[in-house]
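Student: I'm passing along structure-v4.csv; it holds CSV, C-alpha atoms.
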```
chain,number,residue,atom,x,y,z
A,1,MET,CA,100.9,91.6,140.1
A,2,SER,CA,104.5,92.7,139.5
A,3,SER,CA,105.2,96.2,138.4
A,4,ALA,CA,108.1,98.7,138.4
A,5,LEU,CA,106.7,99.9,141.7
A,6,THR,CA,106.3,96.5,143.5
A,7,ASP,CA,109.7,95.4,142.2
A,8,LEU,CA,111.2,98.0,144.5
A,9,PHE,CA,110.2,96.2,147.7
A,10,PRO,CA,109.8,92.5,148.4
A,11,HIS,CA,106.6,92.7,150.6
A,12,PRO,CA,103.4,94.3,149.3
A,13,ILE,CA,103.3,96.7,152.3
A,14,VAL,CA,103.5,100.4,152.0
A,15,GLN,CA,103.7,102.6,155.1
A,16,ALA,CA,101.3,105.5,154.6
A,17,PRO,CA,102.8,109.0,154.8
A,18,MET,CA,101.2,110.7,157.8
A,19,ALA,CA,101.8,114.4,157.9
A,20,GLY,CA,102.2,116.4,161.1
A,21,GLY,CA,105.4,114.8,162.4
A,22,VAL,CA,104.2,111.1,162.4
A,23,SER,CA,106.1,109.8,159.4
A,24,VAL,CA,109.6,110.5,160.6
A,25,PRO,CA,112.8,109.1,159.0
A,26,GLN,CA,113.2,106.4,161.7
A,27,LEU,CA,109.8,105.0,160.9
A,28,ALA,CA,110.3,105.0,157.1
A,29,ALA,CA,113.7,103.4,157.5
A,30,ALA,CA,112.5,100.6,159.7
A,31,VAL,CA,109.7,99.7,157.2
A,32,SER,CA,112.0,99.8,154.2
A,33,GLU,CA,114.6,97.8,156.0
A,34,ALA,CA,112.0,95.1,156.8
A,35,GLY,CA,111.1,94.8,153.1
A,36,GLY,CA,108.1,97.2,152.9
A,37,LEU,CA,108.1,100.7,151.4
A,38,GLY,CA,108.7,103.4,153.9
A,39,PHE,CA,107.3,106.9,153.3
A,40,LEU,CA,108.1,110.4,154.4
A,41,ALA,CA,105.4,113.1,154.6
A,42,ALA,CA,106.3,116.5,153.2
A,43,GLY,CA,102.9,118.0,154.1
A,44,TYR,CA,103.1,121.0,156.4
A,45,LYS,CA,106.9,121.0,156.2
A,46,THR,CA,109.2,123.5,154.4
A,47,ALA,CA,111.1,122.4,151.4
A,48,ASP,CA,114.3,122.4,153.5
A,49,GLY,CA,112.6,120.5,156.3
A,50,MET,CA,111.6,117.8,153.7
A,51,TYR,CA,115.2,117.8,152.4
A,52,GLN,CA,116.6,117.3,155.9
A,53,ASP,CA,114.3,114.4,156.4
A,54,ILE,CA,115.4,112.8,153.2
A,55,LYS,CA,119.0,113.3,154.0
A,56,GLN,CA,118.5,111.7,157.5
A,57,LEU,CA,116.5,108.8,156.0
A,58,ARG,CA,119.3,108.1,153.5
A,59,GLY,CA,121.7,107.8,156.4
A,60,LEU,CA,119.5,105.1,157.9
A,61,THR,CA,118.8,102.9,155.0
A,62,ASN,CA,119.9,102.1,151.4
A,63,ARG,CA,116.5,100.6,150.6
A,64,PRO,CA,113.9,102.4,148.4
A,65,PHE,CA,111.5,104.8,150.0
A,66,GLY,CA,108.9,107.4,149.0
A,67,VAL,CA,108.0,111.1,149.8
A,68,ASN,CA,104.4,112.4,149.8
A,69,VAL,CA,103.6,115.9,148.6
A,70,PHE,CA,100.3,117.8,149.1
A,71,MET,CA,98.9,119.4,146.0
A,72,PRO,CA,98.5,123.2,146.2
A,73,GLN,CA,94.9,124.4,146.8
A,74,PRO,CA,93.7,126.8,144.1
A,75,GLU,CA,92.3,130.2,145.1
A,76,TYR,CA,88.5,130.0,145.6
A,77,PRO,CA,86.9,131.2,142.3
A,78,GLY,CA,84.1,133.7,142.8
A,79,ALA,CA,84.6,133.9,146.5
A,80,SER,CA,82.5,137.0,146.8
A,81,THR,CA,79.5,135.4,145.1
A,82,GLY,CA,79.7,131.9,146.5
A,83,ALA,CA,80.2,130.4,143.1
A,84,THR,CA,81.7,126.9,142.7
A,85,GLY,CA,84.7,126.3,140.5
A,86,ALA,CA,87.2,123.5,139.7
A,87,ALA,CA,88.7,123.7,143.2
A,88,GLY,CA,85.3,122.8,144.8
A,89,ALA,CA,82.9,124.6,147.0
A,90,VAL,CA,83.6,128.1,148.1
A,91,PRO,CA,83.0,128.8,151.8
A,92,PRO,CA,80.2,131.3,152.4
A,93,SER,CA,81.4,134.8,152.9
A,94,GLY,CA,82.8,135.2,156.4
A,95,ALA,CA,82.6,131.5,157.3
A,96,VAL,CA,86.2,131.2,158.5
A,97,GLU,CA,85.7,134.4,160.6
A,98,VAL,CA,82.6,133.0,162.1
A,99,TYR,CA,84.4,129.7,163.0
A,100,ALA,CA,87.3,131.7,164.5
A,101,HIS,CA,84.8,133.5,166.7
A,102,GLN,CA,83.4,130.1,167.8
A,103,LEU,CA,87.0,128.9,168.7
A,104,ALA,CA,87.8,132.0,170.8
A,105,GLY,CA,86.9,130.1,173.9
A,106,GLU,CA,89.3,127.3,173.0
A,107,ALA,CA,92.1,129.8,172.5
A,108,ALA,CA,91.3,131.3,175.9
A,109,TRP,CA,91.2,127.9,177.5
A,110,TYR,CA,94.6,126.8,176.1
A,111,GLU,CA,96.1,130.3,176.6
A,112,THR,CA,97.1,130.7,173.0
A,113,GLU,CA,96.2,132.7,170.0
A,114,LEU,CA,94.4,131.4,166.9
A,115,GLY,CA,96.5,131.0,163.8
A,116,ASP,CA,96.4,133.1,160.7
A,117,PRO,CA,94.0,131.4,158.2
A,118,ASP,CA,95.7,133.2,155.4
A,119,SER,CA,99.1,131.6,155.9
A,120,GLY,CA,99.3,130.1,152.4
A,121,ARG,CA,97.5,127.6,150.1
A,122,ASP,CA,100.4,125.9,148.2
A,123,ASP,CA,102.3,124.2,151.0
A,124,GLY,CA,105.6,125.1,149.3
A,125,TYR,CA,104.7,122.9,146.3
A,126,ASP,CA,107.0,124.3,143.7
A,127,ALA,CA,110.0,124.4,146.1
A,128,LYS,CA,109.4,120.8,147.1
A,129,LEU,CA,109.3,119.7,143.5
A,130,ALA,CA,112.5,121.4,142.8
A,131,VAL,CA,114.2,119.6,145.7
A,132,LEU,CA,112.8,116.3,144.7
A,133,LEU,CA,114.0,116.7,141.1
A,134,ASP,CA,117.5,118.0,142.2
A,135,ASN,CA,117.8,115.0,144.5
A,136,PRO,CA,115.6,112.3,143.0
A,137,VAL,CA,114.0,109.7,145.4
A,138,PRO,CA,112.7,106.3,144.3
A,139,VAL,CA,109.0,107.2,144.7
A,140,VAL,CA,106.9,110.4,145.1
A,141,SER,CA,103.1,110.4,145.8
A,142,PHE,CA,100.6,113.2,145.7
A,143,HIS,CA,97.5,113.9,147.8
A,144,PHE,CA,94.5,116.3,147.2
A,145,GLY,CA,94.7,116.3,143.4
A,146,VAL,CA,96.5,115.3,140.3
A,147,PRO,CA,99.8,117.0,139.1
A,148,ALA,CA,100.1,118.2,135.6
A,149,ARG,CA,101.3,115.7,133.1
A,150,GLU,CA,104.5,117.7,132.6
A,151,VAL,CA,105.3,117.3,136.3
A,152,LEU,CA,104.8,113.5,136.2
A,153,ASP,CA,106.8,113.2,133.0
A,154,THR,CA,109.7,115.2,134.5
A,155,PHE,CA,109.8,112.8,137.5
A,156,ARG,CA,109.8,109.9,135.1
A,157,ARG,CA,112.8,111.2,133.3
A,158,ALA,CA,114.5,111.7,136.7
A,159,GLY,CA,113.9,108.0,137.5
A,160,THR,CA,111.2,108.6,140.1
A,161,LEU,CA,108.0,106.5,140.1
A,162,THR,CA,104.8,108.5,140.9
A,163,LEU,CA,101.6,107.6,142.7
A,164,VAL,CA,98.5,109.7,143.1
A,165,THR,CA,95.6,109.2,145.6
A,166,ALA,CA,92.1,108.6,144.3
A,167,THR,CA,88.8,108.1,146.1
A,168,THR,CA,86.6,107.1,143.2
A,169,ALA,CA,87.0,105.3,139.9
A,170,GLU,CA,86.6,108.6,138.1
A,171,GLU,CA,89.5,110.1,140.0
A,172,ALA,CA,91.6,107.0,139.2
A,173,ARG,CA,91.0,107.5,135.5
A,174,ALA,CA,92.2,111.1,135.8
A,175,VAL,CA,95.3,109.8,137.6
A,176,GLU,CA,96.0,107.3,134.8
A,177,GLN,CA,95.4,109.9,132.1
A,178,ALA,CA,97.9,112.3,133.7
A,179,GLY,CA,100.6,109.7,133.4
A,180,ALA,CA,101.1,108.5,137.0
A,181,ASP,CA,102.8,105.1,137.4
A,182,ALA,CA,100.2,103.8,140.0
A,183,VAL,CA,97.1,105.0,141.8
A,184,ILE,CA,96.4,104.8,145.6
A,185,ALA,CA,92.8,103.8,146.0
A,186,GLN,CA,91.8,105.3,149.3
A,187,GLY,CA,88.7,103.9,150.9
A,188,VAL,CA,86.5,105.9,153.3
A,189,GLU,CA,87.8,103.8,156.2
A,190,ALA,CA,91.2,105.5,156.0
A,191,GLY,CA,92.4,107.7,158.8
A,192,GLY,CA,93.5,111.3,158.2
A,193,HIS,CA,92.5,113.3,155.2
A,194,GLN,CA,90.5,111.9,152.4
A,195,GLY,CA,92.6,112.5,149.2
A,196,SER,CA,89.6,113.5,147.0
A,197,HIS,CA,90.6,115.7,144.1
A,198,ARG,CA,87.8,118.2,144.8
A,199,ASP,CA,86.5,119.2,148.2
A,200,LEU,CA,82.7,119.4,148.0
A,201,PRO,CA,80.2,119.7,150.8
A,202,GLU,CA,78.8,116.2,150.1
A,203,ASN,CA,82.2,114.8,150.9
A,204,ASP,CA,81.4,115.2,154.6
A,205,GLY,CA,80.0,111.7,155.2
A,206,SER,CA,79.8,109.8,151.9
A,207,GLY,CA,82.5,107.6,150.5
A,208,ILE,CA,83.3,104.2,149.1
A,209,GLY,CA,84.5,101.3,151.1
A,210,LEU,CA,87.9,100.0,150.2
A,211,LEU,CA,87.1,96.6,148.8
A,212,ALA,CA,84.3,98.0,146.6
A,213,LEU,CA,86.7,100.9,145.5
A,214,VAL,CA,89.6,98.6,144.7
A,215,ALA,CA,87.3,96.5,142.4
A,216,GLN,CA,85.9,99.6,140.7
A,217,VAL,CA,89.4,101.1,140.2
A,218,ARG,CA,90.8,97.8,139.0
A,219,GLU,CA,88.2,97.7,136.2
A,220,ALA,CA,88.7,101.4,135.4
A,221,VAL,CA,92.5,101.6,134.9
A,222,ARG,CA,95.4,99.5,133.8
A,223,ILE,CA,98.0,101.0,136.1
A,224,PRO,CA,98.9,99.2,139.4
A,225,VAL,CA,96.6,99.9,142.4
A,226,VAL,CA,97.7,100.4,146.0
A,227,ALA,CA,94.9,99.9,148.4
A,228,ALA,CA,94.5,102.1,151.5
A,229,GLY,CA,92.0,102.4,154.2
A,230,GLY,CA,91.5,100.6,157.5
A,231,ILE,CA,94.0,97.8,156.9
A,232,MET,CA,95.5,96.5,160.1
A,233,ARG,CA,96.1,92.7,159.5
A,234,GLY,CA,97.8,90.5,157.0
A,235,SER,CA,94.5,88.9,156.2
A,236,GLN,CA,93.2,92.3,155.0
A,237,ILE,CA,96.2,92.7,152.8
A,238,ALA,CA,95.4,89.3,151.3
A,239,ALA,CA,91.8,90.5,150.7
A,240,VAL,CA,92.8,93.6,148.8
A,241,LEU,CA,95.4,91.7,146.8
A,242,ALA,CA,92.7,89.2,145.8
A,243,ALA,CA,90.5,92.2,144.8
A,244,GLY,CA,93.2,93.3,142.4
A,245,ALA,CA,95.5,95.6,144.3
A,246,SER,CA,99.3,95.3,143.8
A,247,ALA,CA,100.1,96.4,147.4
A,248,ALA,CA,98.4,97.7,150.6
A,249,GLN,CA,99.1,101.0,152.3
A,250,LEU,CA,98.8,101.1,156.1
A,251,GLY,CA,98.9,104.2,158.2
A,252,THR,CA,97.1,103.7,161.6
A,253,ALA,CA,98.8,100.3,161.9
A,254,PHE,CA,102.2,102.0,162.0
A,255,LEU,CA,101.1,105.0,164.0
A,256,ALA,CA,101.4,103.1,167.3
A,257,THR,CA,104.9,101.8,166.7
A,258,PRO,CA,107.8,103.2,168.8
A,259,GLU,CA,109.4,104.7,165.7
A,260,SER,CA,106.3,106.8,164.9
A,261,GLY,CA,106.6,110.4,165.6
A,262,ALA,CA,103.0,110.6,166.9
A,263,HIS,CA,102.3,112.1,170.3
A,264,ALA,CA,102.2,109.5,173.1
A,265,LEU,CA,98.6,110.5,173.8
A,266,HIS,CA,97.7,109.9,170.2
A,267,LYS,CA,99.2,106.4,170.3
A,268,GLN,CA,97.4,105.6,173.6
A,269,ALA,CA,94.1,106.8,172.3
A,270,LEU,CA,94.0,104.3,169.5
A,271,THR,CA,93.1,101.5,171.9
A,272,ASN,CA,91.7,103.6,174.8
A,273,PRO,CA,88.0,102.6,175.3
A,274,LEU,CA,87.3,106.3,175.9
A,275,PHE,CA,87.7,106.8,172.1
A,276,ALA,CA,85.3,104.2,170.8
A,277,ARG,CA,84.8,105.3,167.2
A,278,THR,CA,86.0,107.6,164.4
A,279,GLU,CA,84.3,110.2,162.2
A,280,LEU,CA,85.0,112.2,159.2
A,281,THR,CA,85.3,115.8,160.3
A,282,ARG,CA,86.3,119.3,159.1
A,283,ALA,CA,86.8,120.5,162.7
A,284,PHE,CA,90.6,120.7,162.6
A,285,SER,CA,91.4,121.5,159.0
A,286,GLY,CA,88.4,122.4,157.0
A,287,ARG,CA,88.6,119.3,154.9
A,288,PRO,CA,87.1,115.9,155.6
A,289,ALA,CA,89.6,113.8,157.7
A,290,ARG,CA,88.9,110.7,159.8
A,291,GLY,CA,89.8,110.9,163.5
A,292,LEU,CA,88.9,109.6,166.9
A,293,VAL,CA,85.8,111.3,168.2
A,294,ASN,CA,86.8,113.6,171.1
A,295,ARG,CA,85.4,116.8,172.7
A,296,PHE,CA,86.8,119.2,170.0
A,297,LEU,CA,85.4,117.1,167.2
A,298,ARG,CA,82.0,116.7,168.8
A,299,GLU,CA,81.7,120.4,169.7
A,300,HIS,CA,83.1,122.0,166.6
A,301,GLY,CA,82.8,119.5,163.8
A,302,PRO,CA,79.2,120.4,162.9
A,303,TYR,CA,80.1,124.0,162.4
A,304,ALA,CA,83.5,123.9,160.7
A,305,PRO,CA,83.4,125.4,157.1
A,306,ALA,CA,84.7,123.7,154.0
A,307,ALA,CA,87.8,125.9,154.0
A,308,TYR,CA,91.2,124.0,153.6
A,309,PRO,CA,93.9,125.0,154.5
A,310,GLU,CA,92.5,128.1,156.2
A,311,VAL,CA,90.9,126.1,159.1
A,312,HIS,CA,94.1,124.1,159.4
A,313,HIS,CA,96.1,127.2,159.9
A,314,LEU,CA,93.5,128.6,162.2
A,315,THR,CA,93.5,125.6,164.6
A,316,SER,CA,97.2,124.7,164.5
A,317,PRO,CA,98.1,126.6,167.7
A,318,LEU,CA,95.1,125.1,169.5
A,319,ARG,CA,96.2,121.6,168.6
A,320,LYS,CA,99.8,122.2,169.6
A,321,ALA,CA,98.7,123.8,172.9
A,322,ALA,CA,96.4,120.8,173.7
A,323,ALA,CA,99.2,118.4,173.0
A,324,LYS,CA,101.6,120.4,175.2
A,325,ALA,CA,98.9,120.4,178.0
A,326,GLY,CA,98.5,116.7,177.7
A,327,ASP,CA,94.8,117.1,176.7
A,328,ALA,CA,93.8,114.5,174.1
A,329,GLN,CA,90.3,116.0,173.9
A,330,GLY,CA,91.7,119.0,172.0
A,331,MET,CA,94.0,117.2,169.7
A,332,ALA,CA,93.5,115.9,166.1
A,333,LEU,CA,93.6,112.2,166.7
A,334,TRP,CA,93.7,111.0,163.1
A,335,ALA,CA,92.9,107.2,162.9
A,336,GLY,CA,91.3,104.7,160.5
A,337,GLN,CA,88.3,102.6,161.4
A,338,GLY,CA,90.6,99.7,162.4
A,339,HIS,CA,92.3,101.7,165.1
A,340,ARG,CA,91.3,99.3,168.0
A,341,MET,CA,93.4,96.6,166.3
A,342,ALA,CA,96.6,98.7,166.6
A,343,ARG,CA,99.7,96.8,168.0
A,344,GLU,CA,102.5,98.3,169.9
A,345,LEU,CA,105.2,96.5,167.9
A,346,PRO,CA,108.5,97.9,166.5
A,347,ALA,CA,107.8,98.9,162.9
A,348,GLY,CA,110.2,96.2,161.4
A,349,ARG,CA,108.6,93.6,163.6
A,350,LEU,CA,105.1,94.7,162.5
A,351,VAL,CA,106.1,94.2,158.9
A,352,GLU,CA,107.3,90.7,159.7
A,353,VAL,CA,104.0,89.9,161.5
A,354,LEU,CA,101.9,91.2,158.7
A,355,VAL,CA,103.9,89.2,156.1
A,356,ALA,CA,103.4,86.0,158.2
A,357,GLU,CA,99.6,86.8,158.5
A,358,LEU,CA,99.5,87.4,154.8
A,359,ALA,CA,101.1,84.0,154.1
A,360,GLU,CA,98.7,82.3,156.5
A,361,ALA,CA,95.7,83.9,154.8
A,362,GLY,CA,97.0,82.6,151.5
A,363,THR,CA,97.3,79.1,152.9
A,364,ALA,CA,93.8,79.3,154.3
A,365,LEU,CA,92.4,80.4,150.9
A,366,SER,CA,94.0,77.4,149.2
A,367,ASP,CA,92.8,74.9,151.9
A,368,PRO,CA,89.1,75.2,152.8
A,369,ARG,CA,89.8,73.3,156.1
A,370,ARG,CA,92.2,76.0,157.2
A,371,ALA,CA,89.6,78.6,156.4
A,372,GLY,CA,86.9,76.9,158.4
A,373,GLY,CA,85.0,75.8,155.3
A,374,ASP,CA,83.5,72.4,154.4
A,375,PRO,CA,86.4,70.3,153.0
A,376,ARG,CA,83.9,68.3,150.9
```
For the file at hand, write its structure as C-alpha cells.
Tutor:
Amino acid sequence: MSSALTDLFPHPIVQAPMAGGVSVPQLAAAVSEAGGLGFLAAGYKTADGMYQDIKQLRGLTNRPFGVNVFMPQPEYPGASTGATGAAGAVPPSGAVEVYAHQLAGEAAWYETELGDPDSGRDDGYDAKLAVLLDNPVPVVSFHFGVPAREVLDTFRRAGTLTLVTATTAEEARAVEQAGADAVIAQGVEAGGHQGSHRDLPENDGSGIGLLALVAQVREAVRIPVVAAGGIMRGSQIAAVLAAGASAAQLGTAFLATPESGAHALHKQALTNPLFARTELTRAFSGRPARGLVNRFLREHGPYAPAAYPEVHHLTSPLRKAAAKAGDAQGMALWAGQGHRMARELPAGRLVEVLVAELAEAGTALSDPRRAGGDPR
C-alpha cells in the first residue's frame, strides 16, 4: 500500500524510537542507509540535545529519518479529591510519597538519592516542536496522546509527515480526525511504554494483540497503518502487511545491534535464560511499559502508582546507579515479547536479513508447497 510515508523508504521497515539513549544517530543512520526508516527518540532529552542528535544524524546519512516526541502530560485534575479527568486516573493522595518510602532501601543499596518526582510533566514539548519546525525533518511521530490539529497542520506546511501511536481502534480514529498522516498501531506485545492516549488503572494488564489490532484499525481509518509490537522476523512483517499495514515498526529487534545505545547488560539480557519473560509494569515510570522481569519489577511493580512521569523522575537515579554497578536486576530492561529472537547483527545487515525473510515469506504464501501446505 503505497503512501507518501512509505514512498520515503524502499523497505517496509521502521526502526522504533527507543528513548533513554537507545535510538542514537548511529542506529537511525544505519537503518535508513539500508532502506528502512531510522528514528531518533527525543523523549527525556532537552530540545538542544534532540537538535544535536538530528545534526549528527544528518552528517551520517542523506536518507529520510524520523524523530519521536512524547506528548506532555496534563496536570492531574481534582488531585485532592481523586477525581478522574481527561488525562486519566489521578493517583491517590500521597501515593508517590508512599512509593518513595518503599524505594528508600533501593536508594541505600545503590548509594544514591531518589529523584525529584516534580521535575516536570511536559518533557520540553513546545521547545522541541519549535526546533523541529525551524529545522524540518522528514517524519515526526508522537507518543502518549494526539497533538492538536493546528500542530499537525503546521508540520504538514513545513513538509513533515506525522505519525501518532494508537493502541485501540478508537484511538486510531482520534489520530485520523486530528489530521495525522499515518497511525502506529501498537499491540500489547510491544516493548517499552504503551502509547495509550489515556493512562487508566485497567491499562495494567489488558491490551489488544497486534494482528487483531491492525485488522481493527485498518477497518476504522483510511490513513496508512504502521504495525508495532513483538515483530522480530521478516515473516511477521509479511503477516502484518497481509493484515493491512503499510509497514512494520521494530524496536527490540534493533536493540541488540552494535549501533544501539542500549547498555551492554540490557542487550545481553534479551537472550539470557535468566530473564525468561516480560510483563507490563509501572515499577520504573508509573505508566504501563513492557520489560524483562527482574528483581526490581517483581518487588515493586505491584505497588507502583499510576503516576507518570513522577515515578520516572523518582526512579531515574536508581536505574542509572544499577547500570553503573553492572546490576541488571535493578535496571529497566524494556523488551517486547519476541525478545528471545533477538539477533546480534549490525543494524544494516539486520534490515537486509529481514527483507530477505519477507521475500521468502511472500514466496511461501504464493506457493503452498513452500509453506508446507497440501499442493493439491
Student: I need the residue nearest Ala215 (chain A) from this list: A:Glu259, A:Gln194, A:Ala364, A:Ala169. Use all atoms listed in the file for the distance.
Tutor: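 For Ala215 (chain A), the nearest of the given residues is A:Ala169.
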Student: For Ser3 (chain A), which residue among A:Val214, A:Ala243, A:Leu161, A:Met50 is the nearest when counting all atoms listed in the file?
Tutor: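 Closest to Ser3 (chain A) of all the choices is A:Leu161.
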Student: Can you work out which one of A:Leu365, A:Ala247, A:Leu210, A:Val240 has the shortest atom-to-atom distance to Pro224 (chain A), counting all atoms listed in the file?
Tutor: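 For Pro224 (chain A), the nearest of the given residues is A:Ala247.
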Student: I want to know what sits within 8 Å of Leu297 (chain A), based on all atoms listed in the file, with residues of the same chain fewer than 5 positions away left out; could you give that as an mmCIF file with C-alpha atoms, keeping the file's coordinate frame?
Tutor:
```
data_model
loop_
_atom_site.group_PDB
_atom_site.id
_atom_site.type_symbol
_atom_site.label_atom_id
_atom_site.label_comp_id
_atom_site.auth_asym_id
_atom_site.auth_seq_id
_atom_site.Cartn_x
_atom_site.Cartn_y
_atom_site.Cartn_z
ATOM 1 C CA THR A 281 85.300 115.800 160.300
ATOM 2 C CA ALA A 283 86.800 120.500 162.700
ATOM 3 C CA PHE A 284 90.600 120.700 162.600
#
```
Student: Can you tell me which residues surround Val146 (chain A) at a distance of at most 10 Å, considering all atoms listed in the file, apart from same-chain residues fewer than 6 positions away, and format the answer as a PyMOL selection string?
Tutor: chain A and resi 70-71+152+163-166+171-172+174-180+196-197
Student: So, counting only C-alpha atoms, which residue among A:Gly286, A:Gly207, A:Gly338, A:Gly105 is closest to Gly251 (chain A)?
Tutor: A:Gly338
Student: I want to know what sits within 7 Å of Pro136 (chain A), based on all atoms listed in the file, with residues of the same chain fewer than 4 positions away left out; could you give that as a count of residues only?
Tutor: 3
Student: Here is a test: counting only C-alpha atoms, which residue of A:Ala264, A:Ala342, A:Ala245, A:Ala238 is nearest to Glu219 (chain A)?
Tutor: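 Among A:Ala264, A:Ala342, A:Ala245, A:Ala238, it is A:Ala245 that comes nearest to Glu219 (chain A).
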Student: Can you tell me which residues surround Ala347 (chain A) at a distance of at most 8 Å, considering all atoms listed in the file, apart from same-chain residues fewer than 5 positions away, and format the answer as a CSV table (one decimal) with C-alpha atoms, in the coordinates of the input?
Tutor:
```
chain,number,residue,atom,x,y,z
A,27,LEU,CA,109.8,105.0,160.9
A,30,ALA,CA,112.5,100.6,159.7
A,31,VAL,CA,109.7,99.7,157.2
A,254,PHE,CA,102.2,102.0,162.0
A,257,THR,CA,104.9,101.8,166.7
A,258,PRO,CA,107.8,103.2,168.8
A,259,GLU,CA,109.4,104.7,165.7
```
